[in-house]
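Asker: Below: one structure in structure tokens.
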Amino acid sequence: MSGSNTGPVVGERKLGGYLLSALAWFVGFLFFFPVFWMVLSGFKTEADANGPPKLFFEPTTEQFAEVTNDTTGLLSAGEAFSNSFWAVAISTVLVMLLAIPAAYALSIKPVDKWRDVLFFFISTKFLPIVAAILPLWIIARELNLLNTRLILIILYTAMNLPLAVWMLRSFFSEVPRELIEAAQIDGTNLRGQITSVILPIVAPGLAATALLCVIFAWNEFFLAVQLNPIEGSTVPIWVTGNVSTRGNFLAKLSAASTLATLPVIIAGWLAQKRMIRGLAMGAIK
Amino acid sequence: MTAATSNAPSREEQVKALQKREARRRRLPLLPALIFTILITQIPFVMSLYYSFTDWTVTPPSPRTWTGISNYTDAFTNSFFREAAVTSIVMTVSSVLLSVILGTGVALLLDRKFFGQGFVRTLIITPFLVMPVVAGLVWKNQMFSAAFGVINWLLEAVGLEAVEFASKYPRWSIVAVLVWQWTPFMMLIILAGLQGQPASVLEAAKVDGATPRATFFQITLPHLRPYLELGVLLGSIYLIQVFDHIVVMTGGGPGSTNVPYFVNQRSIGGGWRFGSASAFSILVVIATIFIATFGLRVLSGLLEGEEP
Amino acid sequence: MAEVKFDAASRIYPGTEEPAVNKLNLDIGDGELLVLVGPSGSGKSTALRMLAGLEFVNDGSIFINDKDVTLAPPQDRDIAMVFQNYALYPQMTVASNMAFALKQQGVSKEDRMARVKEAAKILDLEPFLDRKPKNLSGGQRQRVAMGRAIVREPQVFLMDEPLSNLDAKLRVQTRTELADLQARLGVTTVYVTHDQVEAMTMGHRVAVLNFGVLQQVDAPRTLYSAPANKFVAGFIGSPAMNLLAASDVGGRAGIGGVQVPLSDAVAAAAGAHPARELTVGVRPEHLQLGSEGIPGEAIVVEELGSESFVHVRIDHLGESTTIVVRDEGETDVRRGDNVSVGFNGPVHLFGPDDQRISG
Ligand SMILES: Nc1ncnc2c1ncn2[C@@H]1O[C@H](COP(=O)(O)OP(=O)(O)OP(=O)(O)O)[C@@H](O)[C@H]1O
Ligand SMILES: [Mg+2]
């Protein structure tokens, strides 16, 4: 009896499998669709974009040219991208420089109260940034840091540091203890242990952590709009500058949005495998 | 002889000096990050605490005078603040829960081997990478819009009436975009959990005759628990602070002003009432400390019994 | 070349009460291969790590060449260590792994390469110098770990179960090679294992630990022929020595109703205690099956080819007890046969304090 059953069951499984695969593809397109639509609209004319949804049209790069050359607003594309680039790059480097030794001191040669310290770091992420923005604004004003890149660099470093410490700590604790001991017996000091033994092993985790910092800093809007409304502002503010209350703007906005999101999306695509490992292993051993 | 022994450091002294040096050596690498974090996060807090007991406003400019707890009593009776608190809770809880549930479903779909698996995963993680203001703008103008939105175009195609979602359902429109962005994040974490599940256990379950359903609920789900907890924790940390989406989608329209948006409007976002805004900030911090204590308990569960 | 001395050295792990190593006294001679052996958790690794400087010494001292290194960090002790899982740096080639310590010491590149080449030659690693550890077999990795130790030309080699990740056959082969290499280099070596065969075949002397306490340190032969106490007697030798509470047969120690043969000196020394407080120990190979002796029934017959072991149930102190007897390879004894067990070798006697009673 059971023998005669195997045929149909396998068949059903196969069919079910195809259905599930089709469903996965469908879900994938569903999630991606808004992004696809945004990119597509960037190649439309304003007339095509501001009308009933259109899949087929005559593509044009005129919107891209316009948003990158437009200097009527306060913030030009060039300024926004260079401000963003420097704020993101320098803050991410600073985060790593601070977080790597800290993670070492919380995992490999832990300080006595490493759990408490780790809790402190992560608990600062619970503090709503909005509760701190007023004093930050006042301090920045007093120090003449409003509308500078420096203030964003400092705050993006503080913003990403807890997450980086948290993720790196777990990567570091994956490094076999014997390896560190072997390095110690071989006569390395702290810097030698970190640079020649630990970092090469945790490189994937390091990349995932840095990438996450880049994503969060690149996409950050609140601090930039509050502290640098006039100068030194970043790409997210530039994007919102393309929303206009007069006339059609959807195609231009789409072109600007595409340019703004593209760097991070591509970086994320390239590093997604590492990020999966990094996110999960970063937290759960 | 006695002179010699008293001159040379005793073993106890040597050990003590050594332990001290070792403790310092261990602390040293931690200090830069720790001091930096303390400076940046704690000083503003102390300043807020001080301002919250004054009646400082910028327009009209006023000197800072000490007013005691009056800002706090005002805050407690402020119905807008209460509404904002409710909005915060509803938005955070619903977007976290929905994205965890959807994320689990998507992760299960992607955990199978099929043609184009990597490509589909790439498509799905994309929303997480999109800048929040861009996400808000795209959804508002090109998905939800009654005139040009794709969703409404579909609704009309099946004979329904178009809805201006962002102004008719501001809160849920925002939740929808948050779920769109955070489902991929949850999916990534849960997928890592699924892939970390030893195949032998699943095979053993099969040999024991467990149905796929039983296998999922009795083996996979318990295994995923720490991953789900982590997702909820990280998701809450970020989603409770949502601001950007609100600015670009509804501008705080009815039912979509959450606590961060509310507090910001009171201070440098336009109200310039620094004393009162600071009192709200402090209340928010106190509330988050409560929530955080709970969150940290989850965390300590994750760290339980773990050696460094 | 170096001598090593543990002087009442103890290690108490933080958060524990019992010392993992308790007042260890051990003198290791220049060029000696000393094996630390004991059951799991007995403190072997801890003792080795104390010598390496990886574990803090709570009490007592450790000397290398009369120099007190108790508080010195590992890099100042001039030691090299081979770990159980080898701890090779995964991102470095075999050559870089071996040269790493020399690089830290500031040895010039040519000298480094020369010494690595020399070590590689000794260990047959020359073809693999440019490979990464993950592309090596278990045995090759083990040799790289050895190579990393020997290029340093240290005062002392420390090895913590270096062969336990190899399969049985390779383990036996490597064991011999390792002992031979150590003899050629003449470097003082402390070798940790829980495998008593490894201990007996490799060690010039063997130190037996149990619960962090040193039980006996002696040449393998002495350990076997004159175990200092009941623990060592039971631990060394396979199958294990038969250890039984003695019965009183005419005022002397016995098994069942039969007096055990003792030299006059031992018998006299044992006379200080009532027979029922003594423990009799006799190895299976010092018992024989014959027509007279302790009557019993064969319940298990293990034939190993060259020899066989017969488990015999006997009546002892009013209960039935099993003793193991060695017999010839092609034995005629079958399960269920009635047999008699006689003595054909030395019998060990342990007092109420579990210590050996010698004449
Ligand atoms: N870091 C530590 N903290 C607390 N206790 C420890 C630690 N390391 C070892 N111990 C304890 O010390 C005792 C000795 O451990 P050790 O590792 O030296 O045993 P071992 O003889 O090497 O055993 P094995 O053959 O299993 O390797 C054990 O009881 C162990 O549980
Ligand atoms: Mg051990």
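Identifiers for the structure tokens are assigned positionally: chains receive A, B, ... in sequence, residues are indexed from 1 per chain, and ligands are indexed from 1 in the order shown.
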Could you list, as number ranges by chain, all protein and nucleic acid residues with an atom at most 9 Å from ligand 2, counting only C-alpha atoms and all ligand atoms?

Answerer: C: 40-46, 48, 84, 160-161, 192-194

Asker: Up to 6 Å from chain B, what residues of chain A turn up? Count only C-alpha atoms and give them as a PDB file with N, CA and C atoms, in the first residue's frame.

Answerer:
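What ended up in out-v5.pdb:
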ATOM      1  N   ALA A  24       8.271  32.498  -4.055  1.00  0.00           N
ATOM      2  CA  ALA A  24       9.468  33.231  -3.635  1.00  0.00           C
ATOM      3  C   ALA A  24       9.836  34.299  -4.657  1.00  0.00           C
ATOM      4  N   GLY A  28       9.808  38.279  -4.095  1.00  0.00           N
ATOM      5  CA  GLY A  28      11.008  39.049  -4.421  1.00  0.00           C
ATOM      6  C   GLY A  28      10.674  40.257  -5.278  1.00  0.00           C
ATOM      7  N   PHE A  31       8.745  42.961  -3.305  1.00  0.00           N
ATOM      8  CA  PHE A  31       9.586  43.798  -2.445  1.00  0.00           C
ATOM      9  C   PHE A  31      10.425  44.761  -3.271  1.00  0.00           C
ATOM     10  N   PHE A  32      10.832  44.304  -4.426  1.00  0.00           N
ATOM     11  CA  PHE A  32      11.741  45.134  -5.203  1.00  0.00           C
ATOM     12  C   PHE A  32      10.992  46.180  -6.017  1.00  0.00           C
ATOM     13  N   GLY A  51       1.359  61.062 -14.177  1.00  0.00           N
ATOM     14  CA  GLY A  51       0.182  60.621 -14.886  1.00  0.00           C
ATOM     15  C   GLY A  51      -0.084  59.209 -14.460  1.00  0.00           C
ATOM     16  N   PRO A  52      -1.029  58.555 -15.098  1.00  0.00           N
ATOM     17  CA  PRO A  52      -1.285  57.159 -14.746  1.00  0.00           C
ATOM     18  C   PRO A  52       0.004  56.340 -14.960  1.00  0.00           C
ATOM     19  N   LEU A  98      37.896  52.979  17.035  1.00  0.00           N
ATOM     20  CA  LEU A  98      37.506  52.946  18.441  1.00  0.00           C
ATOM     21  C   LEU A  98      36.956  51.582  18.837  1.00  0.00           C
ATOM     22  N   PRO A 101      39.670  48.025  19.322  1.00  0.00           N
ATOM     23  CA  PRO A 101      40.272  47.777  20.635  1.00  0.00           C
ATOM     24  C   PRO A 101      39.239  47.557  21.733  1.00  0.00           C
ATOM     25  N   ALA A 102      38.117  48.268  21.649  1.00  0.00           N
ATOM     26  CA  ALA A 102      37.095  48.085  22.683  1.00  0.00           C
ATOM     27  C   ALA A 102      36.553  46.665  22.642  1.00  0.00           C
ATOM     28  N   ALA A 105      38.844  44.356  24.290  1.00  0.00           N
ATOM     29  CA  ALA A 105      38.802  44.441  25.747  1.00  0.00           C
ATOM     30  C   ALA A 105      37.499  43.903  26.321  1.00  0.00           C
ATOM     31  N   SER A 107      36.180  40.967  24.886  1.00  0.00           N
ATOM     32  CA  SER A 107      36.048  39.554  24.531  1.00  0.00           C
ATOM     33  C   SER A 107      37.327  38.776  24.791  1.00  0.00           C
ATOM     34  N   VAL A 111      37.837  42.940  30.388  1.00  0.00           N
ATOM     35  CA  VAL A 111      37.895  43.641  31.665  1.00  0.00           C
ATOM     36  C   VAL A 111      36.928  42.947  32.609  1.00  0.00           C
ATOM     37  N   PHE A 126      19.376  52.919  23.059  1.00  0.00           N
ATOM     38  CA  PHE A 126      17.969  53.052  23.428  1.00  0.00           C
ATOM     39  C   PHE A 126      17.593  54.511  23.661  1.00  0.00           C
ATOM     40  N   VAL A 130      16.284  62.186  19.707  1.00  0.00           N
ATOM     41  CA  VAL A 130      15.534  63.431  19.738  1.00  0.00           C
ATOM     42  C   VAL A 130      15.636  64.083  21.122  1.00  0.00           C
ATOM     43  N   ALA A 131      15.825  63.263  22.153  1.00  0.00           N
ATOM     44  CA  ALA A 131      15.937  63.825  23.495  1.00  0.00           C
ATOM     45  C   ALA A 131      17.266  64.538  23.678  1.00  0.00           C
ATOM     46  N   ALA A 132      18.206  64.257  22.811  1.00  0.00           N
ATOM     47  CA  ALA A 132      19.525  64.863  22.953  1.00  0.00           C
ATOM     48  C   ALA A 132      19.759  65.971  21.948  1.00  0.00           C
ATOM     49  N   PRO A 135      20.267  69.869  23.364  1.00  0.00           N
ATOM     50  CA  PRO A 135      21.599  70.163  23.906  1.00  0.00           C
ATOM     51  C   PRO A 135      22.699  70.042  22.861  1.00  0.00           C
ATOM     52  N   ASN A 219      22.364  57.061   5.183  1.00  0.00           N
ATOM     53  CA  ASN A 219      20.920  57.282   5.125  1.00  0.00           C
ATOM     54  C   ASN A 219      20.417  58.239   6.198  1.00  0.00           C
ATOM     55  N   SER A 257      16.468  60.426  -6.156  1.00  0.00           N
ATOM     56  CA  SER A 257      16.401  59.300  -5.226  1.00  0.00           C
ATOM     57  C   SER A 257      17.276  58.150  -5.703  1.00  0.00           C
ATOM     58  N   THR A 261      20.328  56.591  -3.507  1.00  0.00           N
ATOM     59  CA  THR A 261      20.284  55.260  -2.895  1.00  0.00           C
ATOM     60  C   THR A 261      21.263  54.288  -3.536  1.00  0.00           C
ATOM     61  N   ILE A 265      22.920  50.742  -2.060  1.00  0.00           N
ATOM     62  CA  ILE A 265      22.282  49.509  -2.540  1.00  0.00           C
ATOM     63  C   ILE A 265      23.324  48.592  -3.178  1.00  0.00           C
ATOM     64  N   ILE A 276      24.787  38.810   6.259  1.00  0.00           N
ATOM     65  CA  ILE A 276      23.945  37.809   6.930  1.00  0.00           C
ATOM     66  C   ILE A 276      24.733  37.169   8.057  1.00  0.00           C
ATOM     67  N   ALA A 280      23.948  37.916  12.203  1.00  0.00           N
ATOM     68  CA  ALA A 280      23.518  36.844  13.089  1.00  0.00           C
ATOM     69  C   ALA A 280      24.642  36.436  14.029  1.00  0.00           C
TER      70      ALA A 280
END

Asker: Could you please tell me, as a list of chain:residue names, which residues of chain B have an atom within 9 Å of chain C when using only C-alpha atoms?

Answerer: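 Every residue of chain B that passes the 9 Å test is in B:Gln14, B:Val15, B:Leu18.
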
Asker: Take the residues just selected and output them with N, CA and C atoms as a PDB file, in the first residue's frame.

Answerer:
ATOM      1  N   GLN B  14      54.623  42.058  44.643  1.00  0.00           N
ATOM      2  CA  GLN B  14      54.852  41.831  43.212  1.00  0.00           C
ATOM      3  C   GLN B  14      53.555  41.457  42.506  1.00  0.00           C
ATOM      4  N   VAL B  15      52.812  40.520  43.128  1.00  0.00           N
ATOM      5  CA  VAL B  15      51.565  40.066  42.514  1.00  0.00           C
ATOM      6  C   VAL B  15      50.587  41.215  42.386  1.00  0.00           C
ATOM      7  N   LEU B  18      51.566  43.443  39.665  1.00  0.00           N
ATOM      8  CA  LEU B  18      51.325  42.778  38.386  1.00  0.00           C
ATOM      9  C   LEU B  18      49.842  42.810  38.011  1.00  0.00           C
TER      10      LEU B  18
END

Asker: Provide as a count of residues only the residues of chain C at most 7 Å from chain A, counting only C-alpha atoms.

Answerer: 9

Asker: Would you compute the distance between CA of Lys169 (chain C) and CA of Gln142 (chain C)? Give it in Å to one decimal.

Answerer: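 According to the coordinates, CA of Lys169 (chain C) and CA of Gln142 (chain C) are separated by 14.3 Å.
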
Asker: So that each row is one residue of chain C with an atom at most 12 Å from ligand 1, can you give its shortest atom pair and the distance in Å to one decimal, using only C-alpha atoms and all ligand atoms, rows by chain and rising number, as a tab-separated table?

Answerer:
residue	atom	partner	partner_atom_place_in_ligand_line	distance
C:Ser10	CA	ligand 1	12 (O)	11.4
C:Arg11	CA	ligand 1	12 (O)	8.7
C:Ile12	CA	ligand 1	5 (N)	7.9
C:Tyr13	CA	ligand 1	4 (C)	4.8
C:Pro14	CA	ligand 1	4 (C)	6.5
C:Gly15	CA	ligand 1	4 (C)	7.0
C:Thr16	CA	ligand 1	4 (C)	6.4
C:Glu17	CA	ligand 1	5 (N)	9.6
C:Glu18	CA	ligand 1	29 (O)	8.5
C:Pro19	CA	ligand 1	12 (O)	7.5
C:Ala20	CA	ligand 1	12 (O)	4.4
C:Val21	CA	ligand 1	14 (C)	7.1
C:Asn22	CA	ligand 1	14 (C)	10.4
C:Leu36	CA	ligand 1	21 (O)	8.8
C:Val37	CA	ligand 1	21 (O)	7.7
C:Gly38	CA	ligand 1	21 (O)	6.3
C:Pro39	CA	ligand 1	25 (O)	5.9
C:Ser40	CA	ligand 1	25 (O)	3.6
C:Gly41	CA	ligand 1	19 (O)	3.5
C:Ser42	CA	ligand 1	21 (O)	3.9
C:Gly43	CA	ligand 1	18 (O)	3.2
C:Lys44	CA	ligand 1	21 (O)	3.8
C:Ser45	CA	ligand 1	22 (O)	3.6
C:Thr46	CA	ligand 1	18 (O)	3.7
C:Ala47	CA	ligand 1	18 (O)	6.5
C:Leu48	CA	ligand 1	18 (O)	8.0
C:Arg49	CA	ligand 1	18 (O)	8.3
C:Met50	CA	ligand 1	18 (O)	9.7
C:Leu54	CA	ligand 1	1 (N)	10.7
C:Glu55	CA	ligand 1	1 (N)	8.9
C:Phe56	CA	ligand 1	1 (N)	10.9
C:Phe83	CA	ligand 1	27 (O)	11.2
C:Gln84	CA	ligand 1	27 (O)	9.2
C:Asn85	CA	ligand 1	27 (O)	11.9
C:Met159	CA	ligand 1	22 (O)	11.3
C:Asp160	CA	ligand 1	22 (O)	8.0
C:Glu161	CA	ligand 1	27 (O)	7.9
C:Pro162	CA	ligand 1	27 (O)	11.3
C:Ser164	CA	ligand 1	25 (O)	10.4
C:Tyr191	CA	ligand 1	22 (O)	11.3
C:Val192	CA	ligand 1	22 (O)	7.8
C:Thr193	CA	ligand 1	25 (O)	7.0
C:His194	CA	ligand 1	25 (O)	5.6
C:Asp195	CA	ligand 1	25 (O)	9.1
C:Gln196	CA	ligand 1	25 (O)	11.6
C:Val208	CA	ligand 1	21 (O)	10.3
C:Leu209	CA	ligand 1	21 (O)	7.9
C:Asn210	CA	ligand 1	21 (O)	8.2
C:Phe211	CA	ligand 1	29 (O)	7.5
C:Gly212	CA	ligand 1	14 (C)	6.9
C:Val213	CA	ligand 1	14 (C)	10.6
C:Leu214	CA	ligand 1	21 (O)	11.7
